[in-house]
Amino acid sequence: MAATAALLIPQVEIAESKSTVISRLPASKTRRFAWTIDDGASSAAVKSYLDIAEKGDQHLTFFVTSCYASWRTHSKQISRLLAAGKIQLGNHTTLHRDLTAVSVSEIRKQLYGCHLFMLEEFGYDARPYFRPPYGSTNPTVRSVAAELGYTVPTMWYGSFGDSSNTPEGRVVQLANKWIANGRIVIDHCNRAKSQHALDQIQGFIKAKGLHSVTLTEAFGKNFK
């Protein structure tokens, strides 16, 4: 009941909801970018990024696909890092289905299921940020998401290209290419990267005088 009640949104707010698609951060005097990480098929990969947030100076945003067991496996560490403000969670649906290819009821089910998972597992409300799987969106998807309070479809300005079997050296090259001031970049935790690759990526961040911030840190708590 508590989880269901937490999702209720006043009708006037639903009626006035408008999607704000983002792929860059607001202008800032500080050099920053958003390191966003999707999916969660690999428990080892999820763990390696959580450790970067915990031990390093990078704040990360995870877009959770809630069918993957890795989020439950690392629930305690995730909860600890959420409380410390070192990570943020966003909605990436339950089963990673293309939302433009399913019914309205299925769009709602996919977003709502992931929302409830995060509420029940972490006591965490991920609104307003969601990332449509594959970046596939249309007015219907955005409208249904907005009715659930997910008014910010979060896209990206540069990808590490690691959603498939991209060689690790190429992933590192793409990370270096796309990590830059003001950008939202997309990474995935579906295959574990070597520590050497992760160290290289963090080295690029340092060399460019950047640090990673969560979306809420960049846009503020009341953004929607």
# chains A, B, ... in the order shown; residues from 1 in each chain; ligands from 1

call {"tool": "residues_around", "arguments": {"residues": "A:Ala41", "least_positions_apart": "2", "cutoff": "9 Å", "atoms": "only C-alpha atoms", "output": "ChimeraX atom specification"}}
result
/A:39,43,45-46,65,67-70,188-191

call {"tool": "select_by_dssp", "arguments": {"residues": "stretch 44-195 of chain A", "states": "alpha helix (DSSP H)", "output": "PyMOL selection string"}}
result
chain A and resi 44-55+70-73+75-84+104-122+139-147+168-178+195

call {"tool": "select_by_dssp", "arguments": {"residues": "stretch 19-154 of chain A", "states": "strand (DSSP E)", "output": "ChimeraX atom specification"}}
result
/A:32-39,60-64,87-91,129-130,152-153

call {"tool": "write_last_selection", "arguments": {"atoms": "C-alpha atoms", "output": "mmCIF file, in the first residue's frame"}}
result
data_model
loop_
_atom_site.group_PDB
_atom_site.id
_atom_site.type_symbol
_atom_site.label_atom_id
_atom_site.label_comp_id
_atom_site.auth_asym_id
_atom_site.auth_seq_id
_atom_site.Cartn_x
_atom_site.Cartn_y
_atom_site.Cartn_z
ATOM 1 C CA ARG A 32 31.449 18.341 -14.732
ATOM 2 C CA PHE A 33 29.648 15.629 -16.651
ATOM 3 C CA ALA A 34 27.129 12.876 -15.861
ATOM 4 C CA TRP A 35 28.367 9.287 -16.033
ATOM 5 C CA THR A 36 25.209 7.239 -16.502
ATOM 6 C CA ILE A 37 25.229 3.448 -16.469
ATOM 7 C CA ASP A 38 22.428 1.255 -17.787
ATOM 8 C CA ASP A 39 20.899 -2.200 -17.369
ATOM 9 C CA LEU A 60 27.186 7.942 -10.780
ATOM 10 C CA THR A 61 23.627 7.594 -12.068
ATOM 11 C CA PHE A 62 22.381 4.047 -12.675
ATOM 12 C CA PHE A 63 19.400 3.401 -14.935
ATOM 13 C CA VAL A 64 18.024 0.218 -13.437
ATOM 14 C CA ILE A 87 24.799 7.494 -6.631
ATOM 15 C CA GLN A 88 21.363 8.075 -8.091
ATOM 16 C CA LEU A 89 18.910 5.612 -9.636
ATOM 17 C CA GLY A 90 16.726 6.124 -12.697
ATOM 18 C CA ASN A 91 13.974 4.007 -14.240
ATOM 19 C CA TYR A 129 14.280 10.479 -14.535
ATOM 20 C CA PHE A 130 13.750 7.546 -16.900
ATOM 21 C CA VAL A 152 12.471 13.592 -17.818
ATOM 22 C CA PRO A 153 13.443 11.175 -20.615
#

call {"tool": "residues_around", "arguments": {"residues": "A:Thr94", "least_positions_apart": "2", "cutoff": "12 Å", "atoms": "only C-alpha atoms", "output": "PyMOL selection string"}}
result
chain A and resi 39-40+63-69+71+90-92+96-99+106-118+130-133

call {"tool": "closest_residue", "arguments": {"among": "A:Ile52, A:Thr214, A:Thr100, A:Gly182", "to": "A:Ser143", "atoms": "only C-alpha atoms"}}
result
A:Thr100

call {"tool": "atom_distance", "arguments": {"atom1": "atom CA of A:Ser164", "atom2": "atom CA of A:Arg183"}}
result
22.1 Å

call {"tool": "closest_residue", "arguments": {"among": "A:Ser28, A:Asn165, A:Thr93, A:Ser23", "to": "A:Ile184", "atoms": "only C-alpha atoms"}}
result
A:Ser23

call {"tool": "decode", "arguments": {"residues": "stretch 158-183 of chain A", "atoms": "C-alpha atoms", "output": "compact mmCIF listing (two decimals), in the first residue's frame"}}
result
# COMPACT_ATOMS: atom_id res chain seq x y z
CA GLY A 158 28.04 10.24 -26.36
CA SER A 159 28.20 6.51 -25.75
CA PHE A 160 30.95 4.12 -24.70
CA GLY A 161 29.48 1.73 -27.28
CA ASP A 162 29.52 -1.18 -24.87
CA SER A 163 25.91 -2.38 -25.12
CA SER A 164 27.12 -5.21 -27.38
CA ASN A 165 30.37 -7.14 -27.73
CA THR A 166 32.56 -4.14 -28.46
CA PRO A 167 36.28 -4.82 -27.85
CA GLU A 168 37.39 -3.28 -24.57
CA GLY A 169 40.05 -1.15 -26.24
CA ARG A 170 37.40 0.44 -28.43
CA VAL A 171 35.18 1.09 -25.40
CA VAL A 172 38.06 2.94 -23.75
CA GLN A 173 38.64 4.99 -26.92
CA LEU A 174 34.97 5.96 -27.08
CA ALA A 175 34.96 6.90 -23.40
CA ASN A 176 37.89 9.25 -24.03
CA LYS A 177 36.14 10.69 -27.10
CA TRP A 178 32.81 11.45 -25.44
CA ILE A 179 33.61 12.35 -21.84
CA ALA A 180 33.59 16.14 -21.85
CA ASN A 181 32.32 19.10 -19.90
CA GLY A 182 28.53 19.35 -19.67
CA ARG A 183 27.72 16.04 -21.33
